[in-house]
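Below: data_17.pdb (PDB, C-alpha atoms, pLDDT in the B column)
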ATOM      1  CA  ILE A  76      -4.336   5.964 -11.732  1.00 77.00           C
ATOM      2  CA  LYS A  77      -6.599   3.012 -12.458  1.00 82.00           C
ATOM      3  CA  ASP A  78      -9.144   5.278 -14.171  1.00 80.00           C
ATOM      4  CA  TYR A  79      -6.393   6.913 -16.209  1.00 78.00           C
ATOM      5  CA  PHE A  80      -5.215   3.608 -17.645  1.00 82.00           C
ATOM      6  CA  ALA A  81      -8.777   2.420 -18.232  1.00 84.00           C
ATOM      7  CA  LYS A  82      -9.187   5.247 -20.767  1.00 81.00           C
ATOM      8  CA  SER A  83      -6.405   3.606 -22.781  1.00 79.00           C
ATOM      9  CA  ASN A  84      -7.910   0.105 -22.480  1.00 84.00           C
ATOM     10  CA  ILE A  85      -5.131  -1.027 -20.159  1.00 85.00           C
ATOM     11  CA  SER A  86      -6.559  -3.246 -17.442  1.00 91.00           C
ATOM     12  CA  THR A  87      -5.272  -2.915 -13.892  1.00 93.00           C
ATOM     13  CA  THR A  88      -5.572  -4.798 -10.637  1.00 95.00           C
ATOM     14  CA  ILE A  89      -4.597  -3.297  -7.298  1.00 95.00           C
ATOM     15  CA  LEU A  90      -2.903  -5.298  -4.594  1.00 96.00           C
ATOM     16  CA  LYS A  91      -3.149  -3.520  -1.232  1.00 96.00           C
ATOM     17  CA  GLU A  92      -0.400  -4.251   1.249  1.00 97.00           C
ATOM     18  CA  ARG A  93      -2.655  -3.448   4.204  1.00 96.00           C
ATOM     19  CA  ASP A  94      -4.961  -6.348   3.297  1.00 97.00           C
ATOM     20  CA  PHE A  95      -2.048  -8.694   3.961  1.00 97.00           C
ATOM     21  CA  LEU A  96      -1.542  -7.651   7.548  1.00 97.00           C
ATOM     22  CA  LEU A  97      -1.309 -10.759   9.688  1.00 95.00           C
ATOM     23  CA  PRO A  98      -4.471 -11.590  11.624  1.00 91.00           C
ATOM     24  CA  LEU A  99      -4.161 -10.974  15.341  1.00 88.00           C
ATOM     25  CA  ASP A 100      -4.186 -14.053  17.528  1.00 82.00           C
ATOM     26  CA  ILE A 101      -6.557 -12.924  20.257  1.00 80.00           C
ATOM     27  CA  LYS A 102      -7.650 -15.805  22.468  1.00 78.00           C
ATOM     28  CA  ASP A 103      -9.458 -13.654  25.003  1.00 82.00           C
ATOM     29  CA  GLU A 104     -11.936 -11.348  23.273  1.00 80.00           C
ATOM     30  CA  SER A 105     -12.139  -9.158  26.370  1.00 84.00           C
ATOM     31  CA  LEU A 106      -8.524  -8.179  25.677  1.00 85.00           C
ATOM     32  CA  ARG A 107      -9.094  -7.286  22.012  1.00 84.00           C
ATOM     33  CA  GLN A 108      -8.959  -3.512  22.374  1.00 84.00           C
ATOM     34  CA  GLN A 109      -5.933  -3.647  24.654  1.00 88.00           C
ATOM     35  CA  THR A 110      -4.143  -5.979  22.225  1.00 88.00           C
ATOM     36  CA  ILE A 111      -4.909  -3.716  19.269  1.00 87.00           C
ATOM     37  CA  LYS A 112      -3.788  -0.687  21.244  1.00 86.00           C
ATOM     38  CA  ASN A 113      -0.373  -2.245  21.910  1.00 90.00           C
ATOM     39  CA  TYR A 114       0.110  -3.920  18.516  1.00 93.00           C
ATOM     40  CA  ASP A 115       2.543  -2.467  15.983  1.00 95.00           C
ATOM     41  CA  PHE A 116       0.702  -2.591  12.639  1.00 94.00           C
ATOM     42  CA  ASP A 117       3.396  -0.443  11.020  1.00 95.00           C
ATOM     43  CA  HIS A 118       6.304  -2.840  11.480  1.00 96.00           C
ATOM     44  CA  ILE A 119       7.565  -4.899   8.560  1.00 96.00           C
ATOM     45  CA  ASP A 120       6.878  -8.102  10.516  1.00 97.00           C
ATOM     46  CA  ALA A 121       3.160  -7.271  10.708  1.00 96.00           C
ATOM     47  CA  VAL A 122       2.726  -8.195   7.016  1.00 97.00           C
ATOM     48  CA  ASP A 123       2.163 -11.715   5.710  1.00 97.00           C
ATOM     49  CA  TRP A 124       4.841 -11.522   3.012  1.00 97.00           C
ATOM     50  CA  LYS A 125       4.557 -15.216   2.116  1.00 97.00           C
ATOM     51  CA  LEU A 126       0.898 -14.789   1.199  1.00 98.00           C
ATOM     52  CA  PHE A 127       1.724 -11.517  -0.552  1.00 98.00           C
ATOM     53  CA  HIS A 128       4.270 -13.325  -2.752  1.00 98.00           C
ATOM     54  CA  LYS A 129       1.714 -16.022  -3.523  1.00 98.00           C
ATOM     55  CA  ALA A 130      -0.801 -13.406  -4.655  1.00 98.00           C
ATOM     56  CA  ILE A 131       1.730 -11.720  -6.923  1.00 97.00           C
ATOM     57  CA  ASP A 132       2.850 -15.018  -8.416  1.00 97.00           C
ATOM     58  CA  HIS A 133      -0.731 -15.986  -9.228  1.00 97.00           C
ATOM     59  CA  LEU A 134      -1.457 -12.673 -10.933  1.00 97.00           C
ATOM     60  CA  ILE A 135       1.788 -12.765 -12.919  1.00 95.00           C
ATOM     61  CA  LEU A 136       0.800 -16.223 -14.190  1.00 96.00           C
ATOM     62  CA  LYS A 137      -2.583 -14.731 -15.188  1.00 96.00           C
ATOM     63  CA  LYS A 138      -4.402 -16.635 -12.460  1.00 97.00           C
ATOM     64  CA  PRO A 139      -6.999 -15.013 -10.195  1.00 97.00           C
ATOM     65  CA  PHE A 140      -6.288 -14.816  -6.481  1.00 98.00           C
ATOM     66  CA  ASN A 141      -8.595 -14.580  -3.482  1.00 97.00           C
ATOM     67  CA  SER A 142      -7.067 -11.788  -1.452  1.00 97.00           C
ATOM     68  CA  PRO A 143      -7.656 -11.298   2.254  1.00 97.00           C
ATOM     69  CA  ILE A 144      -9.420  -8.135   3.376  1.00 97.00           C
ATOM     70  CA  PHE A 145      -8.233  -6.152   6.370  1.00 95.00           C
ATOM     71  CA  ASP A 146     -10.830  -4.050   8.139  1.00 92.00           C
ATOM     72  CA  ILE A 147      -8.925  -0.897   9.135  1.00 84.00           C
ATOM     73  CA  PHE A 148     -11.797   0.384  11.258  1.00 81.00           C
ATOM     74  CA  ASN A 149     -11.815  -2.699  13.499  1.00 84.00           C
ATOM     75  CA  SER A 150      -8.144  -3.615  12.994  1.00 87.00           C
ATOM     76  CA  GLN A 151      -8.806  -7.200  11.985  1.00 89.00           C
ATOM     77  CA  ARG A 152      -8.715  -9.474   8.955  1.00 92.00           C
ATOM     78  CA  LEU A 153     -12.196 -10.373   7.736  1.00 93.00           C
ATOM     79  CA  LEU A 154     -13.337 -13.939   7.148  1.00 91.00           C
ATOM     80  CA  ILE A 155     -14.370 -13.084   3.580  1.00 96.00           C
ATOM     81  CA  THR A 156     -11.957 -12.530   0.673  1.00 97.00           C
ATOM     82  CA  LYS A 157     -12.031 -10.538  -2.560  1.00 96.00           C
ATOM     83  CA  LYS A 158     -11.177 -11.960  -5.961  1.00 97.00           C
ATOM     84  CA  LEU A 159      -8.311 -10.247  -7.763  1.00 97.00           C
ATOM     85  CA  GLU A 160      -8.302 -10.724 -11.518  1.00 96.00           C
ATOM     86  CA  PRO A 161      -5.157 -10.836 -13.688  1.00 95.00           C
ATOM     87  CA  ALA A 162      -4.526  -7.643 -15.648  1.00 95.00           C
ATOM     88  CA  ASP A 163      -2.090  -5.846 -17.932  1.00 91.00           C
ATOM     89  CA  LEU A 164      -0.838  -3.818 -14.979  1.00 90.00           C
ATOM     90  CA  ILE A 165      -0.497  -4.926 -11.357  1.00 94.00           C
ATOM     91  CA  ILE A 166      -0.361  -2.014  -8.927  1.00 94.00           C
ATOM     92  CA  ILE A 167       1.053  -2.693  -5.485  1.00 96.00           C
ATOM     93  CA  GLU A 168      -0.181  -0.117  -3.025  1.00 95.00           C
ATOM     94  CA  GLY A 169       1.681  -0.017   0.254  1.00 95.00           C
ATOM     95  CA  ARG A 170       4.325   1.493   2.482  1.00 94.00           C
ATOM     96  CA  LEU A 171       6.686  -1.354   3.308  1.00 97.00           C
ATOM     97  CA  PHE A 172       6.943  -3.573   0.235  1.00 96.00           C
ATOM     98  CA  LEU A 173      10.119  -1.911  -1.074  1.00 96.00           C
ATOM     99  CA  ASN A 174      11.832  -3.486   1.923  1.00 96.00           C
ATOM    100  CA  ASP A 175      10.974  -6.919   0.544  1.00 96.00           C
ATOM    101  CA  ASN A 176      13.677  -8.125  -1.835  1.00 95.00           C
ATOM    102  CA  TYR A 177      11.360 -10.288  -3.936  1.00 96.00           C
ATOM    103  CA  LEU A 178       8.706  -7.634  -4.485  1.00 96.00           C
ATOM    104  CA  LYS A 179      11.377  -5.056  -5.120  1.00 94.00           C
ATOM    105  CA  SER A 180      13.061  -7.234  -7.741  1.00 94.00           C
ATOM    106  CA  ILE A 181       9.918  -7.992  -9.750  1.00 93.00           C
ATOM    107  CA  SER A 182       8.575  -4.431  -9.764  1.00 92.00           C
ATOM    108  CA  THR A 183       8.986  -2.916 -13.223  1.00 88.00           C
ATOM    109  CA  MET A 184       8.594   0.624 -11.965  1.00 87.00           C
ATOM    110  CA  LYS A 185       8.690   1.812  -8.376  1.00 91.00           C
ATOM    111  CA  LEU A 186       7.024   5.051  -7.266  1.00 89.00           C
ATOM    112  CA  PHE A 187       7.470   6.729  -3.905  1.00 91.00           C
ATOM    113  CA  LEU A 188       4.944   9.290  -2.675  1.00 88.00           C
ATOM    114  CA  ASP A 189       7.083  11.594  -0.568  1.00 90.00           C
ATOM    115  CA  THR A 190       5.091  13.067   2.309  1.00 87.00           C
ATOM    116  CA  ASP A 191       6.238  15.187   5.221  1.00 87.00           C
ATOM    117  CA  MET A 192       5.734  13.657   8.684  1.00 89.00           C
ATOM    118  CA  ASP A 193       3.608  16.621   9.774  1.00 89.00           C
ATOM    119  CA  VAL A 194       1.242  15.964   6.872  1.00 87.00           C
ATOM    120  CA  ILE A 195       1.190  12.261   7.716  1.00 89.00           C
ATOM    121  CA  LEU A 196       0.282  13.078  11.305  1.00 91.00           C
ATOM    122  CA  SER A 197      -2.522  15.407  10.232  1.00 90.00           C
ATOM    123  CA  ARG A 198      -3.991  12.664   8.016  1.00 87.00           C
ATOM    124  CA  ILE A 199      -3.740  10.139  10.846  1.00 89.00           C
ATOM    125  CA  VAL A 200      -5.592  12.508  13.171  1.00 91.00           C
ATOM    126  CA  PHE A 201      -8.251  13.076  10.498  1.00 89.00           C
ATOM    127  CA  LYS A 202      -8.785   9.318  10.075  1.00 84.00           C
ATOM    128  CA  ALA A 203      -8.854   8.799  13.832  1.00 85.00           C
ATOM    129  CA  THR A 204     -11.536  11.471  14.126  1.00 87.00           C
ATOM    130  CA  ALA A 205     -13.577   9.748  11.424  1.00 84.00           C
ATOM    131  CA  LYS A 206     -13.307   6.473  13.352  1.00 78.00           C
ATOM    132  CA  HIS A 207     -14.142   8.245  16.643  1.00 83.00           C
ATOM    133  CA  ALA A 208     -10.850   6.970  18.035  1.00 83.00           C
ATOM    134  CA  ASP A 209      -9.249   8.370  21.159  1.00 87.00           C
ATOM    135  CA  LEU A 210      -6.964  11.227  20.078  1.00 90.00           C
ATOM    136  CA  ASP A 211      -4.435  10.720  22.883  1.00 92.00           C
ATOM    137  CA  GLU A 212      -4.083   7.045  21.977  1.00 90.00           C
ATOM    138  CA  THR A 213      -3.693   7.984  18.325  1.00 90.00           C
ATOM    139  CA  ILE A 214      -0.872  10.437  19.081  1.00 93.00           C
ATOM    140  CA  ASN A 215       0.833   7.921  21.379  1.00 93.00           C
ATOM    141  CA  LYS A 216       0.676   5.268  18.657  1.00 92.00           C
ATOM    142  CA  TYR A 217       2.152   7.724  16.181  1.00 94.00           C
ATOM    143  CA  ILE A 218       5.065   8.453  18.521  1.00 95.00           C
ATOM    144  CA  LYS A 219       5.587   4.825  19.562  1.00 96.00           C
ATOM    145  CA  PHE A 220       5.068   2.985  16.270  1.00 96.00           C
ATOM    146  CA  ILE A 221       4.298   5.021  13.153  1.00 95.00           C
ATOM    147  CA  LYS A 222       7.071   7.627  13.188  1.00 95.00           C
ATOM    148  CA  PRO A 223       9.905   5.220  14.207  1.00 96.00           C
ATOM    149  CA  ASN A 224       8.852   2.673  11.579  1.00 96.00           C
ATOM    150  CA  TYR A 225       8.581   5.369   8.938  1.00 96.00           C
ATOM    151  CA  GLU A 226      12.148   6.455   9.657  1.00 95.00           C
ATOM    152  CA  LYS A 227      13.438   2.883   9.888  1.00 96.00           C
ATOM    153  CA  PHE A 228      11.682   1.275   6.929  1.00 96.00           C
ATOM    154  CA  ILE A 229       9.757   3.673   4.692  1.00 95.00           C
ATOM    155  CA  GLU A 230      11.998   6.725   4.420  1.00 94.00           C
ATOM    156  CA  LYS A 231      15.029   4.548   3.682  1.00 93.00           C
ATOM    157  CA  SER A 232      13.171   2.655   0.938  1.00 95.00           C
ATOM    158  CA  LYS A 233      12.911   5.863  -1.092  1.00 94.00           C
ATOM    159  CA  GLN A 234      16.373   5.107  -2.470  1.00 95.00           C
ATOM    160  CA  TYR A 235      14.918   2.159  -4.411  1.00 95.00           C
ATOM    161  CA  ALA A 236      12.245   4.208  -6.176  1.00 92.00           C
ATOM    162  CA  ASP A 237      12.469   5.037  -9.866  1.00 87.00           C
ATOM    163  CA  PHE A 238      10.345   8.134  -9.318  1.00 85.00           C
ATOM    164  CA  VAL A 239       9.744  10.220  -6.195  1.00 86.00           C
ATOM    165  CA  ILE A 240       6.468  12.149  -6.322  1.00 81.00           C
ATOM    166  CA  PRO A 241       5.868  15.020  -3.853  1.00 80.00           C
ATOM    167  CA  ASN A 242       2.572  14.457  -2.056  1.00 72.00           C
ATOM    168  CA  PHE A 243       2.316  17.249   0.494  1.00 63.00           C
ATOM    169  CA  ALA A 244      -0.666  19.398  -0.412  1.00 54.00           C
ATOM    170  CA  GLY A 245      -3.396  16.786  -0.812  1.00 51.00           C
ATOM    171  CA  THR A 246      -4.439  13.468  -2.289  1.00 49.00           C
ATOM    172  CA  ASN A 247      -6.174  14.593  -5.496  1.00 50.00           C
ATOM    173  CA  PHE A 248      -4.219  14.574  -8.753  1.00 49.00           C
ATOM    174  CA  ASP A 249      -5.215  16.562 -11.822  1.00 50.00           C
ATOM    175  CA  PHE A 250      -4.928  13.895 -14.490  1.00 47.00           C
ATOM    176  CA  GLU A 251      -5.759  16.441 -17.195  1.00 50.00           C
ATOM    177  CA  GLN A 252      -2.220  17.691 -16.623  1.00 48.00           C
ATOM    178  CA  ILE A 253      -0.758  14.201 -16.729  1.00 44.00           C
ATOM    179  CA  GLN A 254       1.615  14.924 -19.593  1.00 47.00           C
ATOM    180  CA  ASP A 255       3.269  17.798 -17.752  1.00 49.00           C
ATOM    181  CA  ASP A 256       3.031  16.933 -14.078  1.00 50.00           C
ATOM    182  CA  TYR A 257       2.853  13.135 -13.944  1.00 56.00           C
ATOM    183  CA  GLU A 258       4.730  12.035 -17.019  1.00 63.00           C
ATOM    184  CA  VAL A 259       5.646   8.853 -15.152  1.00 63.00           C
ATOM    185  CA  LEU A 260       2.175   7.483 -15.953  1.00 66.00           C
ATOM    186  CA  GLN A 261       2.707   8.211 -19.631  1.00 69.00           C
ATOM    187  CA  ILE A 262       5.991   6.299 -19.443  1.00 66.00           C
ATOM    188  CA  ILE A 263       4.241   3.323 -17.842  1.00 67.00           C
ATOM    189  CA  LYS A 264       1.497   3.455 -20.474  1.00 65.00           C
ATOM    190  CA  ASP A 265       4.005   3.478 -23.330  1.00 67.00           C
ATOM    191  CA  LEU A 266       5.900   0.592 -21.758  1.00 60.00           C
ATOM    192  CA  LEU A 267       2.731  -1.431 -21.350  1.00 58.00           C
ATOM    193  CA  ARG A 268       1.593  -0.754 -24.904  1.00 57.00           C
ATOM    194  CA  PHE A 269       4.945  -2.032 -26.182  1.00 51.00           C
ATOM    195  CA  ARG A 270       4.707  -5.201 -24.089  1.00 50.00           C
ATOM    196  CA  ILE A 271       1.063  -5.891 -24.976  1.00 45.00           C
ATOM    197  CA  LYS A 272       1.796  -5.409 -28.669  1.00 45.00           C
ATOM    198  CA  LYS A 273       4.873  -7.645 -28.407  1.00 42.00           C
ATOM    199  CA  THR A 274       2.905 -10.493 -26.807  1.00 43.00           C
TER
END

Output the structure of this file as structure tokens.
Amino acid sequence: IKDYFAKSNISTTILKERDFLLPLDIKDESLRQQTIKNYDFDHIDAVDWKLFHKAIDHLILKKPFNSPIFDIFNSQRLLITKKLEPADLIIIEGRLFLNDNYLKSISTMKLFLDTDMDVILSRIVFKATAKHADLDETINKYIKFIKPNYEKFIEKSKQYADFVIPNFAGTNFDFEQIQDDYEVLQIIKDLLRFRIKKT
């Protein structure tokens, strides 16, 4: 999506919800793996929404923001940050943010990638394999945390989306067919062009 808009000279910055996961308070390092194993990263309370709002507010005011970085392979927030620059288009990438009233209210256009739970599970297993994670633990975490939270928070947030995009077969989009298959991006581009011209 970012590359698509770049062809039209529309700058974008991407705000990743996962980077705003709260850092784990682990006092005893010998218990790190056990703590991570039992921690629910998929619950709405696992996200630092206050910091998320601050980041959005800075970018809206055309101010840069030093975003946290969450290391998904080690399940921890890094000590370093990454600088997010203001842009014509701010893309929020995440699963839970449509449950947040503030983020929901300021979003000009809300997209929901609709994915079947079986496909989600297969992707989780693929990622776990890449990380050399224990498969039994991965499945248990899916049953205990991921699936219940999806049904409680994510699936229900679909009602707030302006567009629901089926995302079952894969993750690669053919942007050459954007006019026919993903006209939503053309709508966003036209809207942005109008706003940029107006300002």

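Residues matching the PyMOL selection byres ((chain A and resi 147-157) around 9) in this structure come to A:Arg93, A:Asp94, A:Phe95, A:Leu96, A:Leu97, A:Pro98, A:Leu99, A:Ile111, A:Phe116, A:Phe140, A:Asn141, A:Ser142, A:Pro143, A:Ile144, A:Phe145, A:Asp146, A:Lys158, A:Leu159, A:Lys206.
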
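The gap separating atom CA of Leu188 of chain A from atom CA of Ser83 of chain A is 23.8 Å, in Å to one decimal.
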
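The closest residue to Phe220 of chain A, picked from A:Ile131, A:Ile167, A:Ala236, A:Ile119 and counting only C-alpha atoms, is A:Ile119.
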
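Separating atom CA of Glu230 of chain A from atom CA of Asp193 of chain A is a distance of 14.0 Å.
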
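Take atom CA of Ile85 of chain A and atom CA of Ile165 of chain A: the distance between them is 10.7 Å.
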
* Expanded to explicit residues, what is the PyMOL selection byres ((chain A and resi 200) around 12) for this file, as a ChimeraX atom specification? -> /A:193-199,201-217

* Using the chain letters and numbers from the file, which residues does the PyMOL selection byres ((chain A and resi 125) around 12) grab, as number ranges by chain? -> A: 95-97, 120-124, 126-132, 175, 177-178
